[in-house]
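Pasting entry31.pdb here (PDB, C-alpha atoms, pLDDT in the B column):
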```pdb
ATOM      1  CA  MET A  14     166.569-183.860-162.106  1.00 50.00           C
ATOM      2  CA  GLY A  15     166.881-187.568-161.923  1.00 52.00           C
ATOM      3  CA  LEU A  16     165.790-189.805-159.113  1.00 48.00           C
ATOM      4  CA  GLU A  17     168.539-191.007-156.893  1.00 49.00           C
ATOM      5  CA  GLU A  18     168.493-194.545-155.600  1.00 48.00           C
ATOM      6  CA  SER A  19     167.524-193.467-152.052  1.00 46.00           C
ATOM      7  CA  ASP A  20     164.566-191.408-153.409  1.00 47.00           C
ATOM      8  CA  HIS A  21     163.372-194.457-155.300  1.00 45.00           C
ATOM      9  CA  LEU A  22     163.331-196.517-152.116  1.00 42.00           C
ATOM     10  CA  LEU A  23     161.138-193.958-150.370  1.00 44.00           C
ATOM     11  CA  LEU A  24     158.606-193.892-153.194  1.00 45.00           C
ATOM     12  CA  CYS A  25     158.462-197.608-153.955  1.00 44.00           C
ATOM     13  CA  PRO A  26     158.738-199.918-150.992  1.00 48.00           C
ATOM     14  CA  VAL A  27     160.927-202.929-151.398  1.00 47.00           C
ATOM     15  CA  SER A  28     160.353-206.328-149.900  1.00 46.00           C
ATOM     16  CA  SER A  29     162.751-205.852-146.969  1.00 46.00           C
ATOM     17  CA  TYR A  30     160.893-202.663-145.962  1.00 48.00           C
ATOM     18  CA  SER A  31     157.495-204.425-146.228  1.00 46.00           C
ATOM     19  CA  VAL A  32     158.633-207.327-144.061  1.00 48.00           C
ATOM     20  CA  GLY A  33     159.567-204.917-141.277  1.00 48.00           C
ATOM     21  CA  LEU A  34     156.139-203.246-141.514  1.00 47.00           C
ATOM     22  CA  THR A  35     154.325-206.574-141.328  1.00 50.00           C
ATOM     23  CA  ALA A  36     156.188-207.500-138.167  1.00 47.00           C
ATOM     24  CA  ASP A  37     155.120-204.201-136.565  1.00 51.00           C
ATOM     25  CA  VAL A  38     151.451-204.724-137.446  1.00 53.00           C
ATOM     26  CA  LYS A  39     151.434-208.148-135.791  1.00 60.00           C
ATOM     27  CA  GLY A  40     152.743-206.571-132.589  1.00 62.00           C
ATOM     28  CA  ILE A  41     150.107-203.807-132.663  1.00 70.00           C
ATOM     29  CA  SER A  42     147.036-205.908-133.439  1.00 79.00           C
ATOM     30  CA  PRO A  43     146.273-206.949-129.809  1.00 79.00           C
ATOM     31  CA  VAL A  44     146.494-203.287-128.817  1.00 77.00           C
ATOM     32  CA  MET A  45     144.250-202.308-131.720  1.00 75.00           C
ATOM     33  CA  ILE A  46     141.715-204.967-130.763  1.00 80.00           C
ATOM     34  CA  LEU A  47     141.713-203.664-127.197  1.00 77.00           C
ATOM     35  CA  MET A  48     141.254-200.095-128.457  1.00 75.00           C
ATOM     36  CA  VAL A  49     138.309-201.148-130.624  1.00 74.00           C
ATOM     37  CA  ILE A  50     136.708-202.954-127.661  1.00 79.00           C
ATOM     38  CA  ILE A  51     137.147-199.894-125.440  1.00 76.00           C
ATOM     39  CA  TYR A  52     135.760-197.629-128.164  1.00 69.00           C
ATOM     40  CA  LEU A  53     132.674-199.816-128.595  1.00 70.00           C
ATOM     41  CA  MET A  54     132.113-199.971-124.835  1.00 70.00           C
ATOM     42  CA  LEU A  55     132.292-196.171-124.625  1.00 68.00           C
ATOM     43  CA  LEU A  56     129.969-195.824-127.598  1.00 63.00           C
ATOM     44  CA  PHE A  57     127.342-198.110-126.043  1.00 59.00           C
ATOM     45  CA  TRP A  58     127.720-196.440-122.655  1.00 58.00           C
ATOM     46  CA  GLU A  59     127.244-192.996-124.239  1.00 50.00           C
ATOM     47  CA  ASN A  60     124.130-194.165-126.115  1.00 46.00           C
ATOM     48  CA  GLU A  61     122.720-195.608-122.898  1.00 49.00           C
ATOM     49  CA  GLN A  62     123.354-192.328-121.081  1.00 44.00           C
ATOM     50  CA  ASN A  63     121.720-190.320-123.880  1.00 42.00           C
ATOM     51  CA  GLU A  64     118.642-192.524-123.904  1.00 45.00           C
ATOM     52  CA  GLU A  65     118.192-192.255-120.136  1.00 46.00           C
ATOM     53  CA  GLY A  66     118.556-188.482-120.146  1.00 42.00           C
ATOM     54  CA  GLU A  67     116.336-188.044-123.161  1.00 45.00           C
ATOM     55  CA  GLU A  68     113.541-190.234-121.849  1.00 57.00           C
ATOM     56  CA  SER A  69     113.208-188.308-118.631  1.00 77.00           C
ATOM     57  CA  THR A  70     112.497-184.864-120.109  1.00 91.00           C
ATOM     58  CA  ILE A  71     108.936-183.625-120.261  1.00 95.00           C
ATOM     59  CA  GLU A  72     109.532-182.361-123.792  1.00 94.00           C
ATOM     60  CA  HIS A  73     110.631-185.782-125.050  1.00 94.00           C
ATOM     61  CA  LEU A  74     107.915-187.697-123.213  1.00 96.00           C
ATOM     62  CA  HIS A  75     104.904-185.428-123.632  1.00 97.00           C
ATOM     63  CA  VAL A  76     105.384-182.614-126.173  1.00 97.00           C
ATOM     64  CA  ASP A  77     104.514-183.183-129.828  1.00 96.00           C
ATOM     65  CA  TYR A  78     104.513-179.742-131.429  1.00 95.00           C
ATOM     66  CA  PRO A  79     103.667-179.289-134.143  1.00 93.00           C
ATOM     67  CA  GLN A  80     101.590-182.442-133.982  1.00 92.00           C
ATOM     68  CA  SER A  81     103.013-185.324-135.990  1.00 88.00           C
ATOM     69  CA  HIS A  82     100.987-186.162-139.068  1.00 81.00           C
ATOM     70  CA  SER A  83     100.842-189.863-138.351  1.00 72.00           C
ATOM     71  CA  LEU A  84      97.041-189.954-138.192  1.00 66.00           C
ATOM     72  CA  VAL A  85      96.749-193.712-138.564  1.00 71.00           C
ATOM     73  CA  ARG A  86      97.685-195.340-135.293  1.00 90.00           C
ATOM     74  CA  TYR A  87      99.101-192.078-133.901  1.00 95.00           C
ATOM     75  CA  CYS A  88      99.459-193.371-130.346  1.00 96.00           C
ATOM     76  CA  ASN A  89     101.051-196.682-131.323  1.00 95.00           C
ATOM     77  CA  HIS A  90     103.529-194.854-133.574  1.00 94.00           C
ATOM     78  CA  MET A  91     104.448-192.185-130.997  1.00 95.00           C
ATOM     79  CA  VAL A  92     104.833-194.652-128.128  1.00 96.00           C
ATOM     80  CA  LEU A  93     107.270-196.693-130.207  1.00 94.00           C
ATOM     81  CA  GLN A  94     109.128-193.673-131.576  1.00 93.00           C
ATOM     82  CA  ARG A  95     109.567-192.055-128.145  1.00 95.00           C
ATOM     83  CA  VAL A  96     110.115-195.380-126.319  1.00 95.00           C
ATOM     84  CA  ILE A  97     107.285-194.725-123.856  1.00 96.00           C
ATOM     85  CA  ARG A  98     107.042-197.587-121.378  1.00 95.00           C
ATOM     86  CA  GLY A  99     106.431-198.312-117.759  1.00 93.00           C
ATOM     87  CA  PRO A 100     108.671-200.036-115.241  1.00 89.00           C
ATOM     88  CA  ASP A 101     110.110-203.383-116.374  1.00 93.00           C
ATOM     89  CA  ASN A 102     109.030-202.694-119.991  1.00 95.00           C
ATOM     90  CA  THR A 103     105.328-202.805-119.160  1.00 97.00           C
ATOM     91  CA  CYS A 104     102.812-200.918-121.300  1.00 97.00           C
ATOM     92  CA  LYS A 105     101.700-197.612-119.787  1.00 97.00           C
ATOM     93  CA  LYS A 106      97.945-197.583-119.178  1.00 97.00           C
ATOM     94  CA  GLU A 107      97.664-193.968-120.331  1.00 98.00           C
ATOM     95  CA  HIS A 108      99.984-191.449-121.930  1.00 98.00           C
ATOM     96  CA  VAL A 109      99.365-187.836-122.958  1.00 98.00           C
ATOM     97  CA  PHE A 110     100.962-185.847-125.784  1.00 98.00           C
ATOM     98  CA  ILE A 111     100.629-182.058-125.591  1.00 98.00           C
ATOM     99  CA  HIS A 112     100.370-180.181-128.899  1.00 97.00           C
ATOM    100  CA  GLU A 113     101.582-176.771-127.778  1.00 97.00           C
ATOM    101  CA  ARG A 114     104.723-174.673-128.162  1.00 96.00           C
ATOM    102  CA  PRO A 115     107.356-175.572-125.543  1.00 95.00           C
ATOM    103  CA  ARG A 116     107.595-171.902-124.437  1.00 95.00           C
ATOM    104  CA  ASN A 117     103.846-171.920-123.644  1.00 97.00           C
ATOM    105  CA  ILE A 118     104.286-175.100-121.625  1.00 98.00           C
ATOM    106  CA  ASN A 119     107.256-173.520-119.831  1.00 97.00           C
ATOM    107  CA  SER A 120     105.088-170.545-118.846  1.00 97.00           C
ATOM    108  CA  VAL A 121     102.894-172.867-116.751  1.00 98.00           C
ATOM    109  CA  CYS A 122     105.629-172.719-114.082  1.00 97.00           C
ATOM    110  CA  THR A 123     104.769-169.043-113.488  1.00 97.00           C
ATOM    111  CA  SER A 124     101.051-169.763-113.126  1.00 97.00           C
ATOM    112  CA  PRO A 125      99.385-168.476-109.950  1.00 97.00           C
ATOM    113  CA  LYS A 126      97.371-171.734-109.881  1.00 97.00           C
ATOM    114  CA  LYS A 127      99.612-173.642-107.450  1.00 95.00           C
ATOM    115  CA  MET A 128      98.563-176.720-105.525  1.00 93.00           C
ATOM    116  CA  THR A 129     100.029-179.682-103.696  1.00 91.00           C
ATOM    117  CA  CYS A 130     100.561-182.563-106.104  1.00 90.00           C
ATOM    118  CA  GLN A 131      98.206-185.534-105.822  1.00 85.00           C
ATOM    119  CA  ASN A 132     100.945-187.936-104.728  1.00 76.00           C
ATOM    120  CA  HIS A 133     100.670-186.571-101.152  1.00 66.00           C
ATOM    121  CA  SER A 134     104.125-185.054-101.218  1.00 77.00           C
ATOM    122  CA  SER A 135     105.179-181.540-100.403  1.00 83.00           C
ATOM    123  CA  THR A 136     105.959-180.941-104.090  1.00 89.00           C
ATOM    124  CA  LEU A 137     104.042-178.079-105.668  1.00 93.00           C
ATOM    125  CA  CYS A 138     102.181-178.516-108.942  1.00 96.00           C
ATOM    126  CA  PHE A 139     101.273-175.724-111.327  1.00 97.00           C
ATOM    127  CA  GLN A 140      98.163-175.683-113.513  1.00 98.00           C
ATOM    128  CA  SER A 141      98.051-173.866-116.862  1.00 98.00           C
ATOM    129  CA  LEU A 142      95.789-170.831-117.170  1.00 97.00           C
ATOM    130  CA  THR A 143      94.723-171.794-120.689  1.00 97.00           C
ATOM    131  CA  LYS A 144      93.589-175.063-122.199  1.00 98.00           C
ATOM    132  CA  PHE A 145      96.007-176.954-124.442  1.00 98.00           C
ATOM    133  CA  LYS A 146      95.254-179.388-127.263  1.00 97.00           C
ATOM    134  CA  MET A 147      96.329-182.894-126.315  1.00 97.00           C
ATOM    135  CA  THR A 148      96.124-186.481-127.469  1.00 96.00           C
ATOM    136  CA  VAL A 149      95.348-189.071-124.816  1.00 97.00           C
ATOM    137  CA  CYS A 150      96.540-192.602-125.574  1.00 97.00           C
ATOM    138  CA  GLN A 151      94.575-195.216-123.636  1.00 97.00           C
ATOM    139  CA  LEU A 152      95.932-198.799-123.514  1.00 98.00           C
ATOM    140  CA  ILE A 153      93.580-201.291-125.203  1.00 97.00           C
ATOM    141  CA  GLY A 154      95.905-204.257-125.760  1.00 96.00           C
ATOM    142  CA  GLY A 155      99.265-205.681-124.797  1.00 96.00           C
ATOM    143  CA  THR A 156     101.116-205.838-121.515  1.00 96.00           C
ATOM    144  CA  ARG A 157     104.826-205.630-122.438  1.00 96.00           C
ATOM    145  CA  TYR A 158     106.553-202.959-124.544  1.00 97.00           C
ATOM    146  CA  PRO A 159     106.736-202.835-127.580  1.00 96.00           C
ATOM    147  CA  ALA A 160     103.532-204.904-128.054  1.00 96.00           C
ATOM    148  CA  CYS A 161     101.301-202.124-126.704  1.00 97.00           C
ATOM    149  CA  ARG A 162      98.155-201.009-128.564  1.00 97.00           C
ATOM    150  CA  TYR A 163      96.433-197.722-127.795  1.00 97.00           C
ATOM    151  CA  HIS A 164      93.138-195.951-128.462  1.00 96.00           C
ATOM    152  CA  ILE A 165      93.442-192.269-129.420  1.00 95.00           C
ATOM    153  CA  SER A 166      91.349-189.413-127.996  1.00 95.00           C
ATOM    154  CA  SER A 167      91.731-185.724-128.761  1.00 95.00           C
ATOM    155  CA  VAL A 168      91.075-183.470-125.777  1.00 97.00           C
ATOM    156  CA  GLU A 169      91.517-179.870-124.701  1.00 98.00           C
ATOM    157  CA  GLY A 170      92.336-179.228-121.096  1.00 98.00           C
ATOM    158  CA  PHE A 171      94.514-177.561-118.518  1.00 98.00           C
ATOM    159  CA  ILE A 172      97.831-179.265-117.810  1.00 98.00           C
ATOM    160  CA  VAL A 173      99.311-179.793-114.362  1.00 97.00           C
ATOM    161  CA  VAL A 174     103.103-180.027-114.064  1.00 97.00           C
ATOM    162  CA  THR A 175     105.881-179.945-111.488  1.00 96.00           C
ATOM    163  CA  CYS A 176     108.626-177.386-112.009  1.00 96.00           C
ATOM    164  CA  ASP A 177     112.184-176.609-111.030  1.00 94.00           C
ATOM    165  CA  ASP A 178     114.237-173.433-111.552  1.00 93.00           C
ATOM    166  CA  VAL A 179     114.600-174.179-115.280  1.00 92.00           C
ATOM    167  CA  GLY A 180     111.012-175.102-116.137  1.00 95.00           C
ATOM    168  CA  PRO A 181     108.560-178.026-116.185  1.00 97.00           C
ATOM    169  CA  VAL A 182     109.967-181.321-114.914  1.00 95.00           C
ATOM    170  CA  THR A 183     107.091-183.798-114.936  1.00 95.00           C
ATOM    171  CA  PHE A 184     103.633-183.903-116.442  1.00 96.00           C
ATOM    172  CA  GLN A 185     101.192-184.891-113.680  1.00 96.00           C
ATOM    173  CA  ARG A 186      97.763-184.871-115.322  1.00 96.00           C
ATOM    174  CA  TYR A 187      95.272-182.833-117.300  1.00 97.00           C
ATOM    175  CA  VAL A 188      92.014-181.266-116.181  1.00 96.00           C
ATOM    176  CA  LYS A 189      89.107-180.805-118.629  1.00 94.00           C
TER
END
```
Please express the file's structure as structure tokens.
Amino acid sequence: MGLEESDHLLLCPVSSYSVGLTADVKGISPVMILMVIIYLMLLFWENEQNEEGEESTIEHLHVDYPQSHSLVRYCNHMVLQRVIRGPDNTCKKEHVFIHERPRNINSVCTSPKKMTCQNHSSTLCFQSLTKFKMTVCQLIGGTRYPACRYHISSVEGFIVVTCDDVGPVTFQRYVK
């Protein structure tokens, strides 16, 4: 079984074949550049969408179970890690992390302790029947995220949340 001349050309490109390939690549490069630009735009847009959706969930913003073992500067670490900030990148004056299983937090929505939320709306709030362990982060320095510094306080208290058909939507406050 010897190689025929045509087989040899398929296995080892010759200069005339390479020249034709180079000409094709030059014609494709503007299209490839456009495709890369579109891909990057979609990638950034997707990341932006994920961040917005992630930041708005009660679990992402307020639940830390089991509690992270970052004992030194817990609040400063968690605020940076979770990107906790107020409007226009301001530092939040207070933020609460709940150290309880998500299913126990979800059960608050079936609590008989219902009340009108404090923001004078017609939205109902639900208060937990049991006390939860929490960490309260109180702003002590900085005005603009990420240069926020917090004081840490461990508390146990009842949580008050708003709910929808799926479960808790927003953390409203805690009651000692």
Please return, as a ChimeraX atom specification, all polymer residues that have at least one atom within 9 Å of the point (100.0, -168.5, -114.4); use all atoms listed in the file and the file's own coordinate frame.
-> /A:120-127,139-143
With the file shown as input, list the residues that the PyMOL selection byres ((chain A and resi 138) around 12) selects, as a tab-separated table (two decimals) with C-alpha atoms, in the coordinates of the input.
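Produced file part25.tsv, reproduced below:
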```
chain	number	residue	atom	x	y	z
A	121	VAL	CA	102.89	-172.87	-116.75
A	122	CYS	CA	105.63	-172.72	-114.08
A	123	THR	CA	104.77	-169.04	-113.49
A	124	SER	CA	101.05	-169.76	-113.13
A	125	PRO	CA	99.38	-168.48	-109.95
A	126	LYS	CA	97.37	-171.73	-109.88
A	127	LYS	CA	99.61	-173.64	-107.45
A	128	MET	CA	98.56	-176.72	-105.52
A	129	THR	CA	100.03	-179.68	-103.70
A	130	CYS	CA	100.56	-182.56	-106.10
A	131	GLN	CA	98.21	-185.53	-105.82
A	132	ASN	CA	100.94	-187.94	-104.73
A	133	HIS	CA	100.67	-186.57	-101.15
A	134	SER	CA	104.12	-185.05	-101.22
A	135	SER	CA	105.18	-181.54	-100.40
A	136	THR	CA	105.96	-180.94	-104.09
A	137	LEU	CA	104.04	-178.08	-105.67
A	139	PHE	CA	101.27	-175.72	-111.33
A	140	GLN	CA	98.16	-175.68	-113.51
A	141	SER	CA	98.05	-173.87	-116.86
A	172	ILE	CA	97.83	-179.26	-117.81
A	173	VAL	CA	99.31	-179.79	-114.36
A	174	VAL	CA	103.10	-180.03	-114.06
A	175	THR	CA	105.88	-179.94	-111.49
A	176	CYS	CA	108.63	-177.39	-112.01
A	177	ASP	CA	112.18	-176.61	-111.03
A	180	GLY	CA	111.01	-175.10	-116.14
A	181	PRO	CA	108.56	-178.03	-116.18
A	182	VAL	CA	109.97	-181.32	-114.91
A	183	THR	CA	107.09	-183.80	-114.94
A	184	PHE	CA	103.63	-183.90	-116.44
A	185	GLN	CA	101.19	-184.89	-113.68
A	186	ARG	CA	97.76	-184.87	-115.32
A	187	TYR	CA	95.27	-182.83	-117.30
```
Which residues come within 7 Å of segment 91-102 of chain A, counting all atoms listed in the file, excluding same-chain residues fewer than 6 positions away, as a PyMOL selection string?
-> chain A and resi 74+157-159
The PyMOL selection byres ((chain A and resi 77) around 7) applied to the shown file, residues as an MDAnalysis selection string | chainID A and resid 75:76 78:81 110:112
So how far away is atom CA of Asn89 of chain A from atom CA of Ile118 of chain A, in Å?
-> 23.9 Å
Pairwise distance, atom CA of Val149 of chain A with atom CA of Arg114 of chain A, equals 17.5 Å
What is the atom CA of Val85 of chain A to atom CA of Thr148 of chain A distance in Å?
->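 One can read the atom CA of Val85 of chain A to atom CA of Thr148 of chain A distance as 13.3 Å.
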Choose the residue, out of A:Glu72, A:Ser83, A:His90, A:Ile51, that has the smallest atom-to-atom separation from Cys161 of chain A; count only C-alpha atoms.
->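 Nearest to Cys161 of chain A: A:His90.
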Using only C-alpha atoms, the shortest atom-to-atom distance to Glu113 of chain A among A:Thr156, A:Glu169, A:Arg162, A:His82 belongs to A:Glu169
Evaluate the PyMOL selection byres ((chain A and resi 164) around 6) and report residues as a PDB file with C-alpha atoms, keeping the file's coordinate frame:
```
ATOM      1  CA  CYS A 150      96.540-192.602-125.574  1.00 97.00           C
ATOM      2  CA  GLN A 151      94.575-195.216-123.636  1.00 97.00           C
ATOM      3  CA  TYR A 163      96.433-197.722-127.795  1.00 97.00           C
ATOM      4  CA  ILE A 165      93.442-192.269-129.420  1.00 95.00           C
TER       5      ILE A 165
END
```
From the set A:Lys105, A:Phe171, A:Asp178, A:Ser69, which residue has the shortest atom-to-atom contact distance to Gly154 of chain A, counting only C-alpha atoms?
-> A:Lys105
Subset file as a PDB file, in the first residue's frame: segment 88-115 of chain A, N, CA and C atoms:
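Resulting contents of selection.pdb:
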```pdb
ATOM      1  N   CYS A  88     -18.303  41.214  59.585  1.00  0.00           N
ATOM      2  CA  CYS A  88     -19.215  42.094  58.837  1.00  0.00           C
ATOM      3  C   CYS A  88     -18.541  42.697  57.608  1.00  0.00           C
ATOM      4  N   ASN A  89     -17.329  43.214  57.785  1.00  0.00           N
ATOM      5  CA  ASN A  89     -16.628  43.813  56.645  1.00  0.00           C
ATOM      6  C   ASN A  89     -16.425  42.780  55.544  1.00  0.00           C
ATOM      7  N   HIS A  90     -16.049  41.568  55.915  1.00  0.00           N
ATOM      8  CA  HIS A  90     -15.831  40.493  54.943  1.00  0.00           C
ATOM      9  C   HIS A  90     -17.131  40.135  54.219  1.00  0.00           C
ATOM     10  N   MET A  91     -18.201  39.933  54.968  1.00  0.00           N
ATOM     11  CA  MET A  91     -19.477  39.501  54.374  1.00  0.00           C
ATOM     12  C   MET A  91     -20.086  40.584  53.481  1.00  0.00           C
ATOM     13  N   VAL A  92     -19.989  41.823  53.895  1.00  0.00           N
ATOM     14  CA  VAL A  92     -20.528  42.923  53.090  1.00  0.00           C
ATOM     15  C   VAL A  92     -19.806  43.003  51.749  1.00  0.00           C
ATOM     16  N   LEU A  93     -18.502  42.812  51.762  1.00  0.00           N
ATOM     17  CA  LEU A  93     -17.745  42.811  50.507  1.00  0.00           C
ATOM     18  C   LEU A  93     -18.056  41.577  49.668  1.00  0.00           C
ATOM     19  N   GLN A  94     -18.086  40.415  50.306  1.00  0.00           N
ATOM     20  CA  GLN A  94     -18.320  39.171  49.577  1.00  0.00           C
ATOM     21  C   GLN A  94     -19.702  39.143  48.935  1.00  0.00           C
ATOM     22  N   ARG A  95     -20.711  39.640  49.634  1.00  0.00           N
ATOM     23  CA  ARG A  95     -22.087  39.605  49.127  1.00  0.00           C
ATOM     24  C   ARG A  95     -22.471  40.870  48.360  1.00  0.00           C
ATOM     25  N   VAL A  96     -21.571  41.826  48.276  1.00  0.00           N
ATOM     26  CA  VAL A  96     -21.800  43.114  47.608  1.00  0.00           C
ATOM     27  C   VAL A  96     -23.068  43.770  48.182  1.00  0.00           C
ATOM     28  N   ILE A  97     -23.028  44.002  49.489  1.00  0.00           N
ATOM     29  CA  ILE A  97     -24.129  44.646  50.204  1.00  0.00           C
ATOM     30  C   ILE A  97     -23.875  46.147  50.180  1.00  0.00           C
ATOM     31  N   ARG A  98     -24.779  46.878  49.567  1.00  0.00           N
ATOM     32  CA  ARG A  98     -24.616  48.337  49.481  1.00  0.00           C
ATOM     33  C   ARG A  98     -25.969  48.991  49.306  1.00  0.00           C
ATOM     34  N   GLY A  99     -25.991  50.260  49.613  1.00  0.00           N
ATOM     35  CA  GLY A  99     -27.219  51.024  49.475  1.00  0.00           C
ATOM     36  C   GLY A  99     -27.305  51.650  48.088  1.00  0.00           C
ATOM     37  N   PRO A 100     -28.303  52.506  47.901  1.00  0.00           N
ATOM     38  CA  PRO A 100     -28.442  53.182  46.615  1.00  0.00           C
ATOM     39  C   PRO A 100     -27.201  54.027  46.299  1.00  0.00           C
ATOM     40  N   ASP A 101     -26.853  54.088  45.051  1.00  0.00           N
ATOM     41  CA  ASP A 101     -25.700  54.884  44.580  1.00  0.00           C
ATOM     42  C   ASP A 101     -24.400  54.492  45.283  1.00  0.00           C
ATOM     43  N   ASN A 102     -24.242  53.202  45.580  1.00  0.00           N
ATOM     44  CA  ASN A 102     -23.026  52.666  46.210  1.00  0.00           C
ATOM     45  C   ASN A 102     -22.728  53.269  47.578  1.00  0.00           C
ATOM     46  N   THR A 103     -23.750  53.668  48.301  1.00  0.00           N
ATOM     47  CA  THR A 103     -23.545  54.160  49.660  1.00  0.00           C
ATOM     48  C   THR A 103     -23.435  52.975  50.607  1.00  0.00           C
ATOM     49  N   CYS A 104     -22.817  53.190  51.757  1.00  0.00           N
ATOM     50  CA  CYS A 104     -22.719  52.148  52.780  1.00  0.00           C
ATOM     51  C   CYS A 104     -24.065  52.028  53.490  1.00  0.00           C
ATOM     52  N   LYS A 105     -24.536  50.798  53.679  1.00  0.00           N
ATOM     53  CA  LYS A 105     -25.766  50.597  54.444  1.00  0.00           C
ATOM     54  C   LYS A 105     -25.475  50.853  55.914  1.00  0.00           C
ATOM     55  N   LYS A 106     -26.377  51.536  56.588  1.00  0.00           N
ATOM     56  CA  LYS A 106     -26.175  51.873  58.004  1.00  0.00           C
ATOM     57  C   LYS A 106     -26.239  50.632  58.887  1.00  0.00           C
ATOM     58  N   GLU A 107     -27.080  49.663  58.493  1.00  0.00           N
ATOM     59  CA  GLU A 107     -27.191  48.426  59.253  1.00  0.00           C
ATOM     60  C   GLU A 107     -27.533  47.293  58.295  1.00  0.00           C
ATOM     61  N   HIS A 108     -26.971  46.121  58.577  1.00  0.00           N
ATOM     62  CA  HIS A 108     -27.313  44.944  57.788  1.00  0.00           C
ATOM     63  C   HIS A 108     -27.311  43.734  58.713  1.00  0.00           C
ATOM     64  N   VAL A 109     -28.255  42.817  58.480  1.00  0.00           N
ATOM     65  CA  VAL A 109     -28.423  41.654  59.346  1.00  0.00           C
ATOM     66  C   VAL A 109     -28.185  40.371  58.556  1.00  0.00           C
ATOM     67  N   PHE A 110     -27.403  39.467  59.151  1.00  0.00           N
ATOM     68  CA  PHE A 110     -27.207  38.124  58.600  1.00  0.00           C
ATOM     69  C   PHE A 110     -27.867  37.134  59.552  1.00  0.00           C
ATOM     70  N   ILE A 111     -28.703  36.259  58.992  1.00  0.00           N
ATOM     71  CA  ILE A 111     -29.440  35.275  59.781  1.00  0.00           C
ATOM     72  C   ILE A 111     -28.710  33.938  59.679  1.00  0.00           C
ATOM     73  N   HIS A 112     -28.443  33.324  60.819  1.00  0.00           N
ATOM     74  CA  HIS A 112     -27.703  32.056  60.857  1.00  0.00           C
ATOM     75  C   HIS A 112     -28.669  30.909  61.150  1.00  0.00           C
ATOM     76  N   GLU A 113     -29.533  30.650  60.201  1.00  0.00           N
ATOM     77  CA  GLU A 113     -30.551  29.610  60.348  1.00  0.00           C
ATOM     78  C   GLU A 113     -30.762  28.920  59.019  1.00  0.00           C
ATOM     79  N   ARG A 114     -31.206  27.670  59.072  1.00  0.00           N
ATOM     80  CA  ARG A 114     -31.481  26.906  57.849  1.00  0.00           C
ATOM     81  C   ARG A 114     -32.509  27.637  56.986  1.00  0.00           C
ATOM     82  N   PRO A 115     -32.281  27.695  55.676  1.00  0.00           N
ATOM     83  CA  PRO A 115     -33.254  28.355  54.790  1.00  0.00           C
ATOM     84  C   PRO A 115     -34.677  27.806  54.939  1.00  0.00           C
TER      85      PRO A 115
END
```
